[in-house]
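Colleague: Below you'll find my_file-v1.cif; it's mmCIF, C-alpha atoms and all ligand atoms.
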data_my_file
loop_
_atom_site.label_atom_id
_atom_site.label_comp_id
_atom_site.auth_asym_id
_atom_site.auth_seq_id
_atom_site.Cartn_x
_atom_site.Cartn_y
_atom_site.Cartn_z
CA MET A 1 97.75 132.98 118.28
CA ILE A 2 97.45 130.54 115.40
CA GLU A 3 93.85 130.20 114.28
CA ILE A 4 92.93 127.74 111.55
CA LYS A 5 89.33 127.84 110.33
CA ASP A 6 87.64 125.33 108.04
CA LEU A 7 90.90 124.65 106.22
CA THR A 8 90.66 122.40 103.19
CA LYS A 9 93.66 121.45 101.08
CA LYS A 10 93.54 119.36 97.94
CA TYR A 11 96.13 117.63 95.79
CA ASP A 12 94.90 116.73 92.31
CA ASN A 13 91.31 117.50 93.32
CA LYS A 14 91.49 115.08 96.23
CA ALA A 15 91.17 116.60 99.72
CA VAL A 16 94.12 115.67 101.96
CA LEU A 17 92.95 118.05 104.70
CA GLU A 18 89.28 118.80 105.24
CA ASN A 19 87.55 121.31 107.54
CA ILE A 20 90.46 121.63 109.91
CA ASN A 21 89.75 123.91 112.88
CA ILE A 22 92.50 124.56 115.42
CA LYS A 23 93.31 127.41 117.81
CA ILE A 24 96.75 127.58 119.38
CA PRO A 25 97.29 130.37 121.94
CA ASP A 26 100.72 132.01 122.14
CA GLY A 27 103.37 130.17 124.10
CA ARG A 28 101.67 126.77 124.02
CA ILE A 29 103.13 123.47 122.82
CA TYR A 30 100.60 121.83 120.53
CA GLY A 31 100.90 118.21 119.40
CA LEU A 32 99.59 116.97 116.07
CA ALA A 33 99.39 113.19 116.08
CA GLY A 34 98.29 110.72 113.48
CA GLN A 35 99.40 107.80 111.41
CA SER A 36 101.50 108.04 108.27
CA GLY A 37 99.96 109.86 105.33
CA VAL A 38 97.05 111.51 107.19
CA GLY A 39 98.19 115.05 106.34
CA LYS A 40 100.31 116.21 109.31
CA SER A 41 103.25 117.57 107.30
CA THR A 42 100.88 119.15 104.79
CA LEU A 43 99.20 121.03 107.63
CA LEU A 44 102.56 122.27 108.94
CA ARG A 45 103.50 123.45 105.45
CA CYS A 46 100.20 125.34 105.21
CA ILE A 47 100.91 127.02 108.57
CA ASN A 48 104.33 128.25 107.46
CA GLY A 49 103.05 129.47 104.11
CA LEU A 50 105.02 126.95 102.03
CA GLU A 51 101.82 125.40 100.75
CA SER A 52 98.68 127.14 99.53
CA PHE A 53 95.25 125.83 100.48
CA ASP A 54 91.89 125.63 98.76
CA SER A 55 89.46 127.07 101.28
CA GLY A 56 89.22 128.25 104.86
CA SER A 57 91.73 130.50 106.57
CA ILE A 58 94.90 130.51 108.62
CA CYS A 59 95.37 133.57 110.81
CA ILE A 60 98.56 134.14 112.70
CA ASP A 61 98.35 137.08 115.10
CA ALA A 62 95.39 138.33 113.10
CA THR A 63 97.32 138.18 109.81
CA GLU A 64 95.42 136.09 107.28
CA LEU A 65 98.00 134.16 105.26
CA ASN A 66 95.96 134.15 102.07
CA SER A 67 95.93 137.96 102.06
CA LEU A 68 99.72 138.30 101.88
CA ASN A 69 101.54 139.15 98.67
CA GLU A 70 104.86 137.50 97.87
CA ALA A 71 107.07 139.99 99.69
CA GLU A 72 104.80 140.02 102.73
CA MET A 73 104.81 136.22 102.76
CA ARG A 74 108.61 136.14 102.75
CA GLU A 75 108.62 138.57 105.64
CA PHE A 76 105.99 136.53 107.48
CA ARG A 77 108.02 133.36 107.06
CA ARG A 78 110.85 134.93 109.07
CA SER A 79 108.64 134.63 112.13
CA ILE A 80 108.46 130.84 111.79
CA GLY A 81 111.27 128.38 112.45
CA MET A 82 111.08 124.76 111.43
CA ILE A 83 112.94 121.56 112.26
CA PHE A 84 112.69 118.16 110.60
CA GLN A 85 113.30 114.47 111.23
CA ASN A 86 116.35 114.45 108.92
CA PHE A 87 117.78 117.73 110.36
CA ALA A 88 118.21 119.26 106.85
CA LEU A 89 121.72 120.63 107.51
CA LEU A 90 124.07 121.57 104.68
CA GLU A 91 126.82 118.95 104.83
CA ARG A 92 129.47 121.18 103.23
CA LYS A 93 129.05 123.97 105.74
CA SER A 94 130.29 124.07 109.30
CA VAL A 95 127.95 124.09 112.28
CA LEU A 96 128.39 127.86 112.69
CA GLU A 97 127.75 128.52 108.99
CA ASN A 98 124.63 126.35 109.05
CA VAL A 99 123.19 128.43 111.88
CA MET A 100 124.07 131.68 110.07
CA LEU A 101 122.35 130.67 106.80
CA PRO A 102 118.91 132.23 107.42
CA MET A 103 120.59 135.46 108.57
CA GLU A 104 122.78 135.45 105.45
CA PHE A 105 119.66 135.21 103.34
CA TRP A 106 118.36 138.35 105.05
CA LYS A 107 121.78 140.03 104.64
CA TYR A 108 122.53 140.65 108.29
CA ASP A 109 126.00 142.00 108.90
CA ARG A 110 128.74 139.47 109.51
CA ALA A 111 129.60 140.46 113.06
CA HIS A 112 125.97 140.29 114.16
CA MET A 113 125.47 136.91 112.46
CA GLU A 114 128.49 135.37 114.13
CA LYS A 115 127.66 136.72 117.53
CA LYS A 116 124.06 135.54 117.31
CA ALA A 117 124.95 132.08 115.91
CA LYS A 118 127.58 131.54 118.61
CA ALA A 119 125.16 132.53 121.35
CA LEU A 120 122.50 130.18 119.97
CA LEU A 121 124.96 127.29 119.67
CA GLU A 122 126.06 127.96 123.22
CA ARG A 123 122.39 127.86 124.29
CA VAL A 124 121.79 124.47 122.68
CA GLY A 125 124.92 123.05 124.28
CA LEU A 126 127.21 123.07 121.23
CA GLY A 127 129.52 125.97 122.06
CA GLU A 128 132.48 123.63 121.51
CA LYS A 129 131.40 122.48 118.05
CA LEU A 130 131.25 125.75 116.10
CA ASN A 131 133.76 124.63 113.47
CA SER A 132 132.72 120.97 113.23
CA MET A 133 131.09 119.68 110.08
CA PRO A 134 127.61 118.05 110.35
CA SER A 135 129.13 114.65 109.45
CA GLU A 136 131.16 114.85 112.68
CA LEU A 137 128.05 115.16 114.86
CA SER A 138 125.64 112.65 116.39
CA GLY A 139 121.95 112.75 115.46
CA GLY A 140 121.05 114.56 118.66
CA GLN A 141 123.78 117.16 118.09
CA LYS A 142 122.59 117.68 114.50
CA GLN A 143 119.08 118.36 115.75
CA ARG A 144 120.52 120.89 118.24
CA VAL A 145 122.21 122.69 115.33
CA ALA A 146 118.90 122.65 113.45
CA ILE A 147 117.15 124.13 116.50
CA ALA A 148 119.77 126.89 116.78
CA ARG A 149 119.33 127.63 113.07
CA ALA A 150 115.53 127.67 113.42
CA LEU A 151 115.85 130.27 116.19
CA SER A 152 118.31 132.51 114.33
CA LEU A 153 115.69 134.97 113.06
CA ASP A 154 113.91 135.20 116.45
CA PRO A 155 110.75 133.39 115.35
CA LYS A 156 107.51 133.48 117.32
CA ILE A 157 106.56 129.98 116.20
CA LEU A 158 108.58 126.78 115.97
CA LEU A 159 107.21 123.96 113.81
CA CYS A 160 108.66 120.51 114.46
CA ASP A 161 108.00 117.73 111.95
CA GLU A 162 108.84 114.38 113.58
CA ALA A 163 111.88 116.13 115.04
CA THR A 164 112.81 113.25 117.33
CA SER A 165 111.69 110.28 115.25
CA ALA A 166 115.24 109.46 114.11
CA LEU A 167 116.69 109.63 117.63
CA ASP A 168 116.97 107.03 120.36
CA PRO A 169 114.78 107.44 123.48
CA ALA A 170 117.40 109.08 125.74
CA ILE A 171 118.41 111.61 123.08
CA THR A 172 114.76 112.20 122.25
CA LEU A 173 114.15 113.19 125.87
CA SER A 174 117.05 115.65 125.90
CA ILE A 175 115.86 117.30 122.66
CA LEU A 176 112.30 117.51 124.00
CA GLU A 177 113.60 119.09 127.20
CA LEU A 178 115.52 121.65 125.16
CA ILE A 179 112.41 122.50 123.14
CA ALA A 180 110.30 122.79 126.30
CA ASP A 181 112.91 125.07 127.93
CA ILE A 182 113.12 127.29 124.86
CA ASN A 183 109.33 127.43 124.71
CA LYS A 184 109.31 128.88 128.24
CA GLU A 185 112.31 131.18 127.85
CA LEU A 186 111.16 132.75 124.61
CA ASN A 187 107.38 132.32 124.97
CA LEU A 188 107.69 130.50 121.66
CA THR A 189 104.59 128.78 120.29
CA VAL A 190 105.51 125.22 119.27
CA VAL A 191 103.57 122.93 116.95
CA MET A 192 104.90 119.43 117.13
CA VAL A 193 104.00 116.75 114.61
CA THR A 194 104.65 113.24 115.85
CA HIS A 195 103.35 109.72 115.75
CA GLU A 196 104.83 109.02 119.19
CA MET A 197 102.47 109.35 122.15
CA SER A 198 105.40 109.59 124.56
CA VAL A 199 106.47 112.82 122.83
CA ILE A 200 103.00 114.29 123.24
CA LYS A 201 102.76 113.23 126.89
CA SER A 202 106.10 114.66 127.87
CA VAL A 203 105.96 118.10 126.23
CA CYS A 204 102.59 119.07 124.81
CA ASP A 205 99.86 121.12 126.49
CA ASP A 206 97.18 120.47 123.88
CA MET A 207 96.83 118.06 121.00
CA ALA A 208 94.81 116.97 118.02
CA ILE A 209 94.61 113.58 116.36
CA ILE A 210 94.28 113.59 112.58
CA GLU A 211 92.81 110.69 110.62
CA ALA A 212 92.65 110.86 106.82
CA GLY A 213 92.70 114.66 106.70
CA HIS A 214 90.19 115.18 109.53
CA ILE A 215 90.62 116.11 113.16
CA VAL A 216 89.02 113.29 115.12
CA ALA A 217 90.03 114.28 118.67
CA GLU A 218 91.21 117.57 120.13
CA GLY A 219 91.83 119.14 123.51
CA LYS A 220 94.12 119.16 126.51
CA VAL A 221 96.58 116.27 126.28
CA GLU A 222 95.35 114.56 129.44
CA ASP A 223 91.70 114.87 128.41
CA VAL A 224 92.37 113.32 125.00
CA LEU A 225 94.79 110.59 126.08
CA LEU A 226 92.96 109.47 129.20
CA SER A 227 89.67 109.27 127.37
CA ASP A 228 88.59 106.01 125.86
CA ALA A 229 87.96 107.68 122.51
CA GLU A 230 88.36 105.38 119.55
CA PRO A 231 90.94 107.56 117.74
CA VAL A 232 93.22 107.33 120.78
CA ARG A 233 92.84 103.56 120.97
CA LYS A 234 93.57 103.26 117.26
CA LEU A 235 96.67 105.38 117.51
CA ILE A 236 98.08 103.68 120.58
CA GLY A 237 97.15 100.24 119.29
CA GLU A 238 94.28 98.43 120.98
CA ARG A 239 95.10 95.94 123.68
CA LYS A 240 92.40 94.20 125.64
CA ILE A 241 92.64 93.31 129.31
CA THR A 242 90.35 90.52 130.52
CA ALA A 243 89.40 89.65 134.09
CA PRO A 244 90.96 86.44 135.45
CA VAL A 245 88.48 83.60 135.99
CA GLY A 246 86.18 84.30 138.95
CA LYS A 247 87.11 87.99 139.19
CA ASP A 248 85.88 91.34 137.93
CA LEU A 249 88.04 94.23 136.85
CA ILE A 250 87.94 97.79 138.05
CA LYS A 251 89.44 100.44 135.86
CA LEU A 252 90.69 103.60 137.56
CA VAL A 253 91.56 106.78 135.72
CA ILE A 254 94.28 108.50 137.73
CA ARG A 255 94.13 112.19 136.92
CA GLY A 256 97.08 113.83 138.55
CA LYS A 257 95.71 114.68 141.96
CA GLU A 258 98.43 113.86 144.44
CA GLU A 259 96.04 112.03 146.72
CA HIS A 260 94.98 109.56 144.02
CA PRO A 261 97.71 106.92 144.38
CA GLU A 262 97.39 107.31 148.15
CA ALA A 263 93.65 106.70 147.91
CA VAL A 264 94.36 103.34 146.30
CA CYS A 265 96.51 102.32 149.27
CA GLU A 266 94.09 103.74 151.77
CA LEU A 267 91.17 101.83 150.29
CA ALA A 268 93.30 98.68 150.25
CA ARG A 269 93.76 99.13 154.02
CA ASN A 270 90.37 100.44 155.08
CA SER A 271 87.67 99.38 152.63
CA GLY A 272 87.41 95.84 153.98
CA ILE A 273 87.48 94.67 150.34
CA ALA A 274 90.47 92.68 149.08
CA PHE A 275 91.67 93.63 145.62
CA GLY A 276 94.76 93.15 143.50
CA ILE A 277 96.52 95.36 140.96
CA ILE A 278 96.77 93.62 137.61
CA SER A 279 98.12 96.50 135.51
CA ALA A 280 99.08 100.10 136.11
CA GLU A 281 100.56 102.69 133.81
CA ILE A 282 101.04 106.02 135.53
CA GLU A 283 103.46 108.48 134.01
CA PRO A 284 104.40 112.13 134.36
CA PHE A 285 102.72 114.37 131.77
CA HIS A 286 104.01 117.76 130.63
CA SER A 287 102.09 119.48 133.44
CA GLY A 288 104.31 117.56 135.88
CA GLU A 289 101.34 115.58 137.15
CA TYR A 290 101.30 111.81 137.21
CA MET A 291 98.44 110.34 135.26
CA GLY A 292 97.29 107.12 133.71
CA HIS A 293 95.18 104.04 134.24
CA MET A 294 95.16 101.31 136.85
CA TYR A 295 93.31 97.98 136.64
CA LEU A 296 92.28 96.09 139.76
CA THR A 297 90.90 92.58 140.25
CA VAL A 298 88.16 92.02 142.80
CA ASP A 299 85.46 89.47 143.68
CA PRO A 300 82.48 90.16 141.40
CA GLU A 301 80.02 90.71 144.26
CA LYS A 302 82.28 93.44 145.72
CA ALA A 303 83.09 95.18 142.44
CA GLU A 304 80.33 97.75 142.45
CA THR A 305 80.87 98.71 146.07
CA LEU A 306 84.60 99.14 145.54
CA ALA A 307 84.11 101.22 142.38
CA ARG A 308 81.71 103.45 144.32
CA LYS A 309 84.28 103.95 147.08
CA PHE A 310 86.83 105.13 144.51
CA ILE A 311 84.29 107.48 143.00
CA GLU A 312 83.68 108.93 146.47
CA TYR A 313 87.40 109.77 146.49
CA GLY A 314 86.97 111.62 143.21
CA ILE A 315 88.62 108.89 141.15
CA ASP A 316 86.89 107.85 137.95
CA ALA A 317 86.22 104.11 138.40
CA SER A 318 84.24 101.57 136.44
CA SER A 319 83.84 97.82 136.77
CA GLY A 320 83.54 95.12 134.12
CA LYS A 321 84.93 91.88 132.70
CA GLU A 322 87.17 93.46 130.06
CA PHE A 323 88.60 96.82 129.04
CA TYR A 324 90.76 98.24 126.32
CA LEU A 325 94.13 99.29 127.73
N1 LIG A 401 103.10 117.36 96.80
C1 LIG A 401 102.15 116.42 96.86
N2 LIG A 401 101.42 116.08 95.78
C2 LIG A 401 100.43 115.17 95.84
N3 LIG A 401 100.07 114.53 96.98
C3 LIG A 401 100.76 114.81 98.09
C4 LIG A 401 101.82 115.77 98.10
N4 LIG A 401 102.32 115.86 99.37
C5 LIG A 401 101.61 114.99 100.10
N5 LIG A 401 100.67 114.36 99.36
C6 LIG A 401 99.68 113.38 99.85
O1 LIG A 401 98.95 113.99 100.90
C7 LIG A 401 98.68 113.06 101.94
C8 LIG A 401 99.22 113.61 103.24
O2 LIG A 401 100.65 113.66 103.21
P1 LIG A 401 101.53 114.18 104.42
O3 LIG A 401 102.93 114.17 103.98
O4 LIG A 401 100.96 115.47 104.89
O5 LIG A 401 101.25 113.05 105.51
P2 LIG A 401 101.92 112.86 106.96
O6 LIG A 401 100.78 112.73 107.92
O7 LIG A 401 102.92 113.92 107.20
O8 LIG A 401 102.62 111.45 106.80
P3 LIG A 401 103.99 110.89 107.47
O9 LIG A 401 103.66 110.60 108.92
O10 LIG A 401 104.29 109.65 106.72
O11 LIG A 401 105.04 111.96 107.31
C9 LIG A 401 99.33 111.75 101.52
O12 LIG A 401 98.34 110.94 100.96
C10 LIG A 401 100.32 112.16 100.48
O13 LIG A 401 100.52 111.15 99.53
MG MG A 402 104.99 113.89 107.45
#
If you convert what's in this file into structure tokens, what do you get?
Modeller:
Amino acid sequence: MIEIKDLTKKYDNKAVLENINIKIPDGRIYGLAGQSGVGKSTLLRCINGLESFDSGSICIDATELNSLNEAEMREFRRSIGMIFQNFALLERKSVLENVMLPMEFWKYDRAHMEKKAKALLERVGLGEKLNSMPSELSGGQKQRVAIARALSLDPKILLCDEATSALDPAITLSILELIADINKELNLTVVMVTHEMSVIKSVCDDMAIIEAGHIVAEGKVEDVLLSDAEPVRKLIGERKITAPVGKDLIKLVIRGKEEHPEAVCELARNSGIAFGIISAEIEPFHSGEYMGHMYLTVDPEKAETLARKFIEYGIDASSGKEFYL
């Protein structure tokens, strides 16, 4: 369990993180989202002990980081792996040597290091590339090497700082799948910093949004992202949807129950009220459930009745002339 309490961190007397409170249970994938410069990387560096902080506490499995001396901190840092946007591989070393580096630092014996590094590279799908140099790899392959290296000391926590931001969408998905699989296999706790909502939706269980050093939204991913909270709108970029002339809009929040999309069709058939679908964005979230919003057009005098019928089905529905998408 990672437990951060009232954390404040200053640079030059200016707070870049203020009163941060986060709890991350073991084995979860936690997303930290926010725009550039809000303090996401600083928070990750505090969690892995690379950065000191001014007040508050960070406890990892009941160990308070501020209580550790230098040697204890080094030891603690073994239990945390980290990957970055730019992969941070050593260009002059082969793939295998890159993965062995952390073990070399801890003076593991050669045979053990090689065996472990080969097994990890096999696991990330690079068993054929042991002797390649980083310059001979694609971005996605480089990140796989970085993941193997991050796992070499059997960490309990993996910190990812914009790990997929330099990759194209298809490669991003394959890296996210790998991280999600490893999370399950090893019961690894993952903290994932990103500015991409699609990353959060596809792998994270819980999330926080940071604005200017403060947490402004926190909770289960679907609760945060399907809410109309202002921080979410700001992060996604506000878009307004307006009812066509002579119509009202109904906004539906589809929350993953299998019967929800069917309810829309059933009401279209049986409600006796004609409506159209003007916009719908329903996607699979990490839980495997399909969730999102749907906007309907309907004659104004029927809007309230139709919204009520959806609510009777357990679907959150509201009517109006305009909504933020
Ligand atoms: N070593 C440092 N000394 C002084 N100020 C710093 C230092 N590192 C970061 N900052 C400042 O702290 C704030 C938060 O930086 P941080 O790198 O944590 O943001 P971020 O959310 O990771 O941004 P990005 O999405 O661009 O990576 C910024 O205003 C930054 O300028
Ligand atoms: Mg950053």
Colleague: Hey, which residues sit close to ligand MG 402 (chain A)? Say within 9 Å, counting only C-alpha atoms and all ligand atoms, and write them as a ChimeraX atom specification.
Modeller: /A:36-42,44,161-162,193-194
Colleague: At a cut-off of 12 Å and counting all atoms listed in the file, what residues surround ligand LIG 401 (chain A)? Please answer as a PyMOL selection string.
Modeller: chain A and resi 9-18+32-46+50-52+84-86+160-163+165+192-196+209-215
Colleague: Pick out the closest residue to Leu151 (chain A) from this set: A:Ile83, A:Leu137, A:Leu226, A:Ala217. Count only C-alpha atoms.
Modeller: A:Ile83
Colleague: Suppose you want the space between CA of Asn66 (chain A) and CA of Asn183 (chain A); what is it in Å?
Modeller: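 Between CA of Asn66 (chain A) and CA of Asn183 (chain A) the gap is 27.1 Å.
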Colleague: Using the file's own x, y and z axes, what box holds all listed atoms of region 109-124 of chain A with 6 Å on each side, keeping edges along x, y and z, and what are its centre and edge lengths in Å to one decimal, as AutoDock Vina command-line options?
Modeller:
--center_x 125.7 --center_y 133.2 --center_z 116.6 --size_x 19.8 --size_y 29.5 --size_z 27.4
Colleague: Is there a way to get, as an MDAnalysis selection string, all residues within 9 Å of the point (115.9, 118.1, 121.4) in file coordinates, counting all atoms listed in the file?
Modeller: chainID A and resid 124 140:141 143:144 147 163:164 171:180
Colleague: Around (125.2, 134.4, 108.5), as given in the file, which residues come within 12 Å? Count only C-alpha atoms and list them as a PyMOL selection string.
Modeller: chain A and resi 93-118+149+152-153
Colleague: Need the shell around Glu266 (chain A): protein/DNA/RNA residues with any atom at most 12 Å away, counting only C-alpha atoms. Skip same-chain ones fewer than 6 positions apart. Format as a list in words?
Modeller: Glu259, His260, Gly272, Ile273, Ala274, Lys309, Phe310 and Tyr313 of chain A
Colleague: In Å to one decimal, how far is CA of Thr63 (chain A) from CA of Ile22 (chain A)?
Modeller: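 According to the coordinates, CA of Ile22 (chain A) and CA of Thr63 (chain A) are separated by 15.5 Å.
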Colleague: From the set A:Glu3, A:Arg28, A:Glu281, A:Asn270, which residue has the shortest atom-to-atom contact distance to Lys220 (chain A), counting only C-alpha atoms?
Modeller: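 Using only C-alpha atoms, the shortest distance to Lys220 (chain A) belongs to A:Arg28.
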Colleague: With only C-alpha atoms as the atoms that count, which of A:Met73, A:Glu289, A:Ser319, A:Arg269 lies nearest to Thr305 (chain A)?
Modeller: A:Ser319
Colleague: List the spatial neighbours of region 250-258 of chain A as a list in words - criterion: any atom at most 6 Å away, only C-alpha atoms, same-chain residues fewer than 2 positions off excluded.
Modeller: His260, Glu289, Tyr290, Met291, Gly292, His293, Met294, Tyr295, Leu296, Asp316, Ala317, Ser318 and Ser319 of chain A
Colleague: Excluding Leu188 (chain A) and any residue of its chain fewer than 6 positions from it, enumerate the residues within 10 Å of it, using only C-alpha atoms, and give them as a ChimeraX atom specification.
Modeller: /A:26-29,80,151,154-158,179-182
Colleague: For CA of Ile200 (chain A) and CA of His286 (chain A), determine how far apart the two atoms are, in Å to one decimal place.
Modeller: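 These two atoms are separated by 8.2 Å.
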Colleague: Find, counting only C-alpha atoms, the residue in A:Lys5, A:Lys184, A:Lys321, A:Lys302 that gets nearest to Val203 (chain A).
Modeller: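 Among A:Lys5, A:Lys184, A:Lys321, A:Lys302, it is A:Lys184 that comes nearest to Val203 (chain A).
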Colleague: Any chance you could build region 6-35 of chain A out to N, CA and C atoms and write it as a PDB file, in the coordinates of the input?
Modeller:
ATOM      1  N   ASP A   6      88.227 126.039 109.189  1.00  0.00           N
ATOM      2  CA  ASP A   6      87.640 125.330 108.040  1.00  0.00           C
ATOM      3  C   ASP A   6      88.619 125.111 106.897  1.00  0.00           C
ATOM      4  N   LEU A   7      89.851 124.791 107.246  1.00  0.00           N
ATOM      5  CA  LEU A   7      90.900 124.650 106.220  1.00  0.00           C
ATOM      6  C   LEU A   7      90.695 123.389 105.382  1.00  0.00           C
ATOM      7  N   THR A   8      90.686 123.550 104.084  1.00  0.00           N
ATOM      8  CA  THR A   8      90.660 122.400 103.190  1.00  0.00           C
ATOM      9  C   THR A   8      91.798 122.543 102.184  1.00  0.00           C
ATOM     10  N   LYS A   9      92.517 121.442 101.992  1.00  0.00           N
ATOM     11  CA  LYS A   9      93.660 121.450 101.080  1.00  0.00           C
ATOM     12  C   LYS A   9      93.546 120.231 100.169  1.00  0.00           C
ATOM     13  N   LYS A  10      93.668 120.478  98.891  1.00  0.00           N
ATOM     14  CA  LYS A  10      93.540 119.360  97.940  1.00  0.00           C
ATOM     15  C   LYS A  10      94.819 119.174  97.146  1.00  0.00           C
ATOM     16  N   TYR A  11      95.129 117.942  96.809  1.00  0.00           N
ATOM     17  CA  TYR A  11      96.130 117.630  95.790  1.00  0.00           C
ATOM     18  C   TYR A  11      95.387 116.917  94.672  1.00  0.00           C
ATOM     19  N   ASP A  12      95.563 117.355  93.460  1.00  0.00           N
ATOM     20  CA  ASP A  12      94.900 116.730  92.310  1.00  0.00           C
ATOM     21  C   ASP A  12      93.410 116.512  92.574  1.00  0.00           C
ATOM     22  N   ASN A  13      92.763 117.555  93.092  1.00  0.00           N
ATOM     23  CA  ASN A  13      91.310 117.500  93.320  1.00  0.00           C
ATOM     24  C   ASN A  13      90.871 116.551  94.434  1.00  0.00           C
ATOM     25  N   LYS A  14      91.848 115.972  95.131  1.00  0.00           N
ATOM     26  CA  LYS A  14      91.490 115.080  96.230  1.00  0.00           C
ATOM     27  C   LYS A  14      91.868 115.774  97.542  1.00  0.00           C
ATOM     28  N   ALA A  15      90.885 115.893  98.469  1.00  0.00           N
ATOM     29  CA  ALA A  15      91.170 116.600  99.720  1.00  0.00           C
ATOM     30  C   ALA A  15      92.121 115.775 100.580  1.00  0.00           C
ATOM     31  N   VAL A  16      93.243 116.366 101.001  1.00  0.00           N
ATOM     32  CA  VAL A  16      94.120 115.670 101.960  1.00  0.00           C
ATOM     33  C   VAL A  16      93.940 116.276 103.353  1.00  0.00           C
ATOM     34  N   LEU A  17      93.354 117.469 103.423  1.00  0.00           N
ATOM     35  CA  LEU A  17      92.950 118.050 104.700  1.00  0.00           C
ATOM     36  C   LEU A  17      91.545 118.623 104.491  1.00  0.00           C
ATOM     37  N   GLU A  18      90.646 118.357 105.443  1.00  0.00           N
ATOM     38  CA  GLU A  18      89.280 118.800 105.240  1.00  0.00           C
ATOM     39  C   GLU A  18      88.696 119.396 106.512  1.00  0.00           C
ATOM     40  N   ASN A  19      88.197 120.625 106.402  1.00  0.00           N
ATOM     41  CA  ASN A  19      87.550 121.310 107.540  1.00  0.00           C
ATOM     42  C   ASN A  19      88.352 121.247 108.819  1.00  0.00           C
ATOM     43  N   ILE A  20      89.612 121.623 108.718  1.00  0.00           N
ATOM     44  CA  ILE A  20      90.460 121.630 109.910  1.00  0.00           C
ATOM     45  C   ILE A  20      90.221 122.911 110.695  1.00  0.00           C
ATOM     46  N   ASN A  21      89.919 122.766 111.990  1.00  0.00           N
ATOM     47  CA  ASN A  21      89.750 123.910 112.880  1.00  0.00           C
ATOM     48  C   ASN A  21      90.646 123.729 114.102  1.00  0.00           C
ATOM     49  N   ILE A  22      91.574 124.651 114.279  1.00  0.00           N
ATOM     50  CA  ILE A  22      92.500 124.560 115.420  1.00  0.00           C
ATOM     51  C   ILE A  22      92.789 125.974 115.904  1.00  0.00           C
ATOM     52  N   LYS A  23      92.856 126.142 117.229  1.00  0.00           N
ATOM     53  CA  LYS A  23      93.310 127.410 117.810  1.00  0.00           C
ATOM     54  C   LYS A  23      94.482 127.114 118.732  1.00  0.00           C
ATOM     55  N   ILE A  24      95.584 127.796 118.520  1.00  0.00           N
ATOM     56  CA  ILE A  24      96.750 127.580 119.380  1.00  0.00           C
ATOM     57  C   ILE A  24      97.161 128.917 119.994  1.00  0.00           C
ATOM     58  N   PRO A  25      96.903 129.109 121.296  1.00  0.00           N
ATOM     59  CA  PRO A  25      97.290 130.370 121.940  1.00  0.00           C
ATOM     60  C   PRO A  25      98.816 130.510 121.987  1.00  0.00           C
ATOM     61  N   ASP A  26      99.282 131.745 122.069  1.00  0.00           N
ATOM     62  CA  ASP A  26     100.720 132.010 122.140  1.00  0.00           C
ATOM     63  C   ASP A  26     101.376 131.255 123.288  1.00  0.00           C
ATOM     64  N   GLY A  27     102.560 130.760 123.034  1.00  0.00           N
ATOM     65  CA  GLY A  27     103.370 130.170 124.100  1.00  0.00           C
ATOM     66  C   GLY A  27     103.005 128.735 124.440  1.00  0.00           C
ATOM     67  N   ARG A  28     102.048 128.157 123.734  1.00  0.00           N
ATOM     68  CA  ARG A  28     101.670 126.770 124.020  1.00  0.00           C
ATOM     69  C   ARG A  28     102.493 125.791 123.176  1.00  0.00           C
ATOM     70  N   ILE A  29     102.547 124.542 123.635  1.00  0.00           N
ATOM     71  CA  ILE A  29     103.130 123.470 122.820  1.00  0.00           C
ATOM     72  C   ILE A  29     101.981 122.570 122.384  1.00  0.00           C
ATOM     73  N   TYR A  30     101.766 122.519 121.089  1.00  0.00           N
ATOM     74  CA  TYR A  30     100.600 121.830 120.530  1.00  0.00           C
ATOM     75  C   TYR A  30     101.051 120.606 119.756  1.00  0.00           C
ATOM     76  N   GLY A  31     100.520 119.449 120.087  1.00  0.00           N
ATOM     77  CA  GLY A  31     100.900 118.210 119.400  1.00  0.00           C
ATOM     78  C   GLY A  31      99.910 117.851 118.308  1.00  0.00           C
ATOM     79  N   LEU A  32     100.431 117.481 117.157  1.00  0.00           N
ATOM     80  CA  LEU A  32      99.590 116.970 116.070  1.00  0.00           C
ATOM     81  C   LEU A  32      99.970 115.521 115.850  1.00  0.00           C
ATOM     82  N   ALA A  33      99.060 114.610 116.172  1.00  0.00           N
ATOM     83  CA  ALA A  33      99.390 113.190 116.080  1.00  0.00           C
ATOM     84  C   ALA A  33      98.552 112.534 115.002  1.00  0.00           C
ATOM     85  N   GLY A  34      99.060 111.449 114.481  1.00  0.00           N
ATOM     86  CA  GLY A  34      98.290 110.720 113.480  1.00  0.00           C
ATOM     87  C   GLY A  34      99.206 109.772 112.732  1.00  0.00           C
ATOM     88  N   GLN A  35      98.590 108.784 112.103  1.00  0.00           N
ATOM     89  CA  GLN A  35      99.400 107.800 111.410  1.00  0.00           C
ATOM     90  C   GLN A  35      99.980 108.372 110.115  1.00  0.00           C
TER      91      GLN A  35
END
